[in-house]
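To start, the structure itself, in C-alpha cells.
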Amino acid sequence: MVTGTTEREDRLIVTVTRSGGFAGLMAHGELDTTAEPDADRLEAAVHALDPTRLGSGRPQPDRYLYRLEVRDTPDADPTHLTVAEQDLDQTTAWLLDRVLQR
C-alpha cells in the first residue's frame, strides 16, 4: 500500500449477470468496492451471502436468474453463486441491483 493515500485495503470485485425474465434480456454489471462510498455496506452484503439459504438456483418461467462472481483481486479465482429471483432476500436483492447499476 502506498502511504498517504485513502485507498482501502479491503477490496471485493463483484460481477453480476442477470438473464431470463419475461423478455429474456441480459444485464451485466461489475463493481469494485474500493471506489464506492458505501463499500462497507456492499462488503457486508457480499459476506452475508449464504449459498445454503439462496435456494435451488433453478429458474422459473418469466423470472430472472442471477450469476455472481466475487473476487478480492482482479486476478484471483472467483467464487461463483447462482440465485433465482424467487429466492432473493432483501439484502441480496439490494446488492444485485446495486451492482447492475454500474
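We name chains A, B, ... following the order of the C-alpha cells; residues begin at 1 in each chain, and ligands are numbered from 1 as shown.
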
Margin query: For the structure I just gave you, how does DSSP split chain A - specifically, which residues are strand (DSSP E)? Reply as a PyMOL selection string.
Written below: chain A and resi 13-20+27-32+64-71+79-84

Note to self: Quick one: residues within 8 Å of Asp87 of chain A, only C-alpha atoms, excluding same-chain residues fewer than 4 positions away - as a list in words?
What the structure shows: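 Contacts, in chain order: Leu54, Gly55, Ser56, Gly57 and Val83 of chain A.
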
Write a file of the just-selected residues containing C-alpha atoms, as a short mmCIF file (atom, residue, chain, number, x, y, z; two decimals), in the first residue's frame.
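Now in again-v5.cif:
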data_model
loop_
_atom_site.label_atom_id
_atom_site.label_comp_id
_atom_site.auth_asym_id
_atom_site.auth_seq_id
_atom_site.Cartn_x
_atom_site.Cartn_y
_atom_site.Cartn_z
CA LEU A 54 -30.12 -18.89 -1.50
CA GLY A 55 -32.37 -21.67 -2.72
CA SER A 56 -32.03 -24.06 -5.59
CA GLY A 57 -30.91 -21.58 -8.25
CA VAL A 83 -29.52 -17.19 -7.38
#

Notebook entry, point to check: For Thr52 of chain A, which residue out of A:Thr34, A:Ala23, A:Thr82, A:Leu68 is the nearest one, using only C-alpha atoms?
Noted result: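 Using only C-alpha atoms, the shortest distance to Thr52 of chain A belongs to A:Thr82.
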
Determine which residues of chain A DSSP labels as alpha helix (DSSP H) from the backbone of this structure, then write them out as an mmCIF file with N, CA and C atoms, in the first residue's frame.
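Result written to result_17.cif:
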data_model
loop_
_atom_site.group_PDB
_atom_site.id
_atom_site.type_symbol
_atom_site.label_atom_id
_atom_site.label_comp_id
_atom_site.auth_asym_id
_atom_site.auth_seq_id
_atom_site.Cartn_x
_atom_site.Cartn_y
_atom_site.Cartn_z
ATOM 1 N N ALA A 39 -18.988 1.191 0.480
ATOM 2 C CA ALA A 39 -18.206 -0.046 0.404
ATOM 3 C C ALA A 39 -18.469 -0.971 1.586
ATOM 4 N N ASP A 40 -18.591 -0.415 2.792
ATOM 5 C CA ASP A 40 -18.814 -1.267 3.959
ATOM 6 C C ASP A 40 -20.128 -2.032 3.832
ATOM 7 N N ARG A 41 -21.183 -1.345 3.379
ATOM 8 C CA ARG A 41 -22.480 -1.997 3.208
ATOM 9 C C ARG A 41 -22.416 -3.049 2.097
ATOM 10 N N LEU A 42 -21.747 -2.726 1.003
ATOM 11 C CA LEU A 42 -21.591 -3.679 -0.094
ATOM 12 C C LEU A 42 -20.856 -4.933 0.371
ATOM 13 N N GLU A 43 -19.741 -4.740 1.057
ATOM 14 C CA GLU A 43 -18.945 -5.873 1.519
ATOM 15 C C GLU A 43 -19.707 -6.699 2.547
ATOM 16 N N ALA A 44 -20.470 -6.056 3.420
ATOM 17 C CA ALA A 44 -21.284 -6.791 4.392
ATOM 18 C C ALA A 44 -22.341 -7.631 3.679
ATOM 19 N N ALA A 45 -22.942 -7.074 2.631
ATOM 20 C CA ALA A 45 -23.953 -7.819 1.874
ATOM 21 C C ALA A 45 -23.330 -9.030 1.174
ATOM 22 N N VAL A 46 -22.130 -8.860 0.637
ATOM 23 C CA VAL A 46 -21.450 -9.989 -0.015
ATOM 24 C C VAL A 46 -21.112 -11.060 1.017
ATOM 25 N N HIS A 47 -20.580 -10.650 2.158
ATOM 26 C CA HIS A 47 -20.203 -11.621 3.184
ATOM 27 C C HIS A 47 -21.423 -12.313 3.789
ATOM 28 N N GLN A 90 -34.038 -9.493 0.941
ATOM 29 C CA GLN A 90 -33.939 -8.046 0.726
ATOM 30 C C GLN A 90 -32.491 -7.580 0.537
ATOM 31 N N THR A 91 -31.581 -8.091 1.329
ATOM 32 C CA THR A 91 -30.178 -7.674 1.248
ATOM 33 C C THR A 91 -29.549 -8.121 -0.067
ATOM 34 N N THR A 92 -29.809 -9.353 -0.458
ATOM 35 C CA THR A 92 -29.258 -9.864 -1.710
ATOM 36 C C THR A 92 -29.833 -9.118 -2.904
ATOM 37 N N ALA A 93 -31.133 -8.830 -2.877
ATOM 38 C CA ALA A 93 -31.763 -8.066 -3.963
ATOM 39 C C ALA A 93 -31.127 -6.681 -4.080
ATOM 40 N N TRP A 94 -30.871 -6.031 -2.942
ATOM 41 C CA TRP A 94 -30.229 -4.711 -2.964
ATOM 42 C C TRP A 94 -28.836 -4.807 -3.584
ATOM 43 N N LEU A 95 -28.056 -5.805 -3.170
ATOM 44 C CA LEU A 95 -26.700 -5.980 -3.691
ATOM 45 C C LEU A 95 -26.720 -6.180 -5.201
ATOM 46 N N LEU A 96 -27.568 -7.066 -5.683
ATOM 47 C CA LEU A 96 -27.635 -7.335 -7.116
ATOM 48 C C LEU A 96 -28.025 -6.093 -7.897
ATOM 49 N N ASP A 97 -29.038 -5.370 -7.430
ATOM 50 C CA ASP A 97 -29.448 -4.133 -8.095
ATOM 51 C C ASP A 97 -28.334 -3.103 -8.088
ATOM 52 N N ARG A 98 -27.636 -3.008 -6.979
ATOM 53 C CA ARG A 98 -26.547 -2.023 -6.841
ATOM 54 C C ARG A 98 -25.436 -2.310 -7.853
ATOM 55 N N VAL A 99 -25.067 -3.575 -8.001
ATOM 56 C CA VAL A 99 -24.004 -3.939 -8.949
ATOM 57 C C VAL A 99 -24.489 -3.728 -10.389
ATOM 58 N N LEU A 100 -25.715 -4.087 -10.665
ATOM 59 C CA LEU A 100 -26.229 -3.944 -12.024
ATOM 60 C C LEU A 100 -26.389 -2.491 -12.447
#

Check: Of the residues A:Val70, A:Leu31, A:Leu49, A:Leu65, which is the one nearest to Arg18 of chain A, using only C-alpha atoms?
Finding: A:Leu65

When you look at Tyr64 of chain A with a cut-off of 6 Å (counting only C-alpha atoms), what residues show up, excluding the ones that are within fewer than 2 positions of it in the same chain? I need them as a PDB file with N, CA and C atoms, in the first residue's frame.
ATOM      1  N   SER A  19     -30.083 -12.908 -16.269  1.00  0.00           N
ATOM      2  CA  SER A  19     -30.679 -13.424 -17.503  1.00  0.00           C
ATOM      3  C   SER A  19     -32.109 -13.845 -17.215  1.00  0.00           C
ATOM      4  N   GLY A  20     -32.838 -14.119 -18.289  1.00  0.00           N
ATOM      5  CA  GLY A  20     -34.211 -14.570 -18.144  1.00  0.00           C
ATOM      6  C   GLY A  20     -35.193 -13.416 -18.113  1.00  0.00           C
ATOM      7  N   GLY A  21     -36.248 -13.592 -17.352  1.00  0.00           N
ATOM      8  CA  GLY A  21     -37.290 -12.585 -17.295  1.00  0.00           C
ATOM      9  C   GLY A  21     -38.241 -12.737 -18.469  1.00  0.00           C
ATOM     10  N   GLU A  85     -34.529 -15.522  -8.934  1.00  0.00           N
ATOM     11  CA  GLU A  85     -35.263 -14.352  -8.455  1.00  0.00           C
ATOM     12  C   GLU A  85     -36.164 -14.676  -7.264  1.00  0.00           C
TER      13      GLU A  85
END
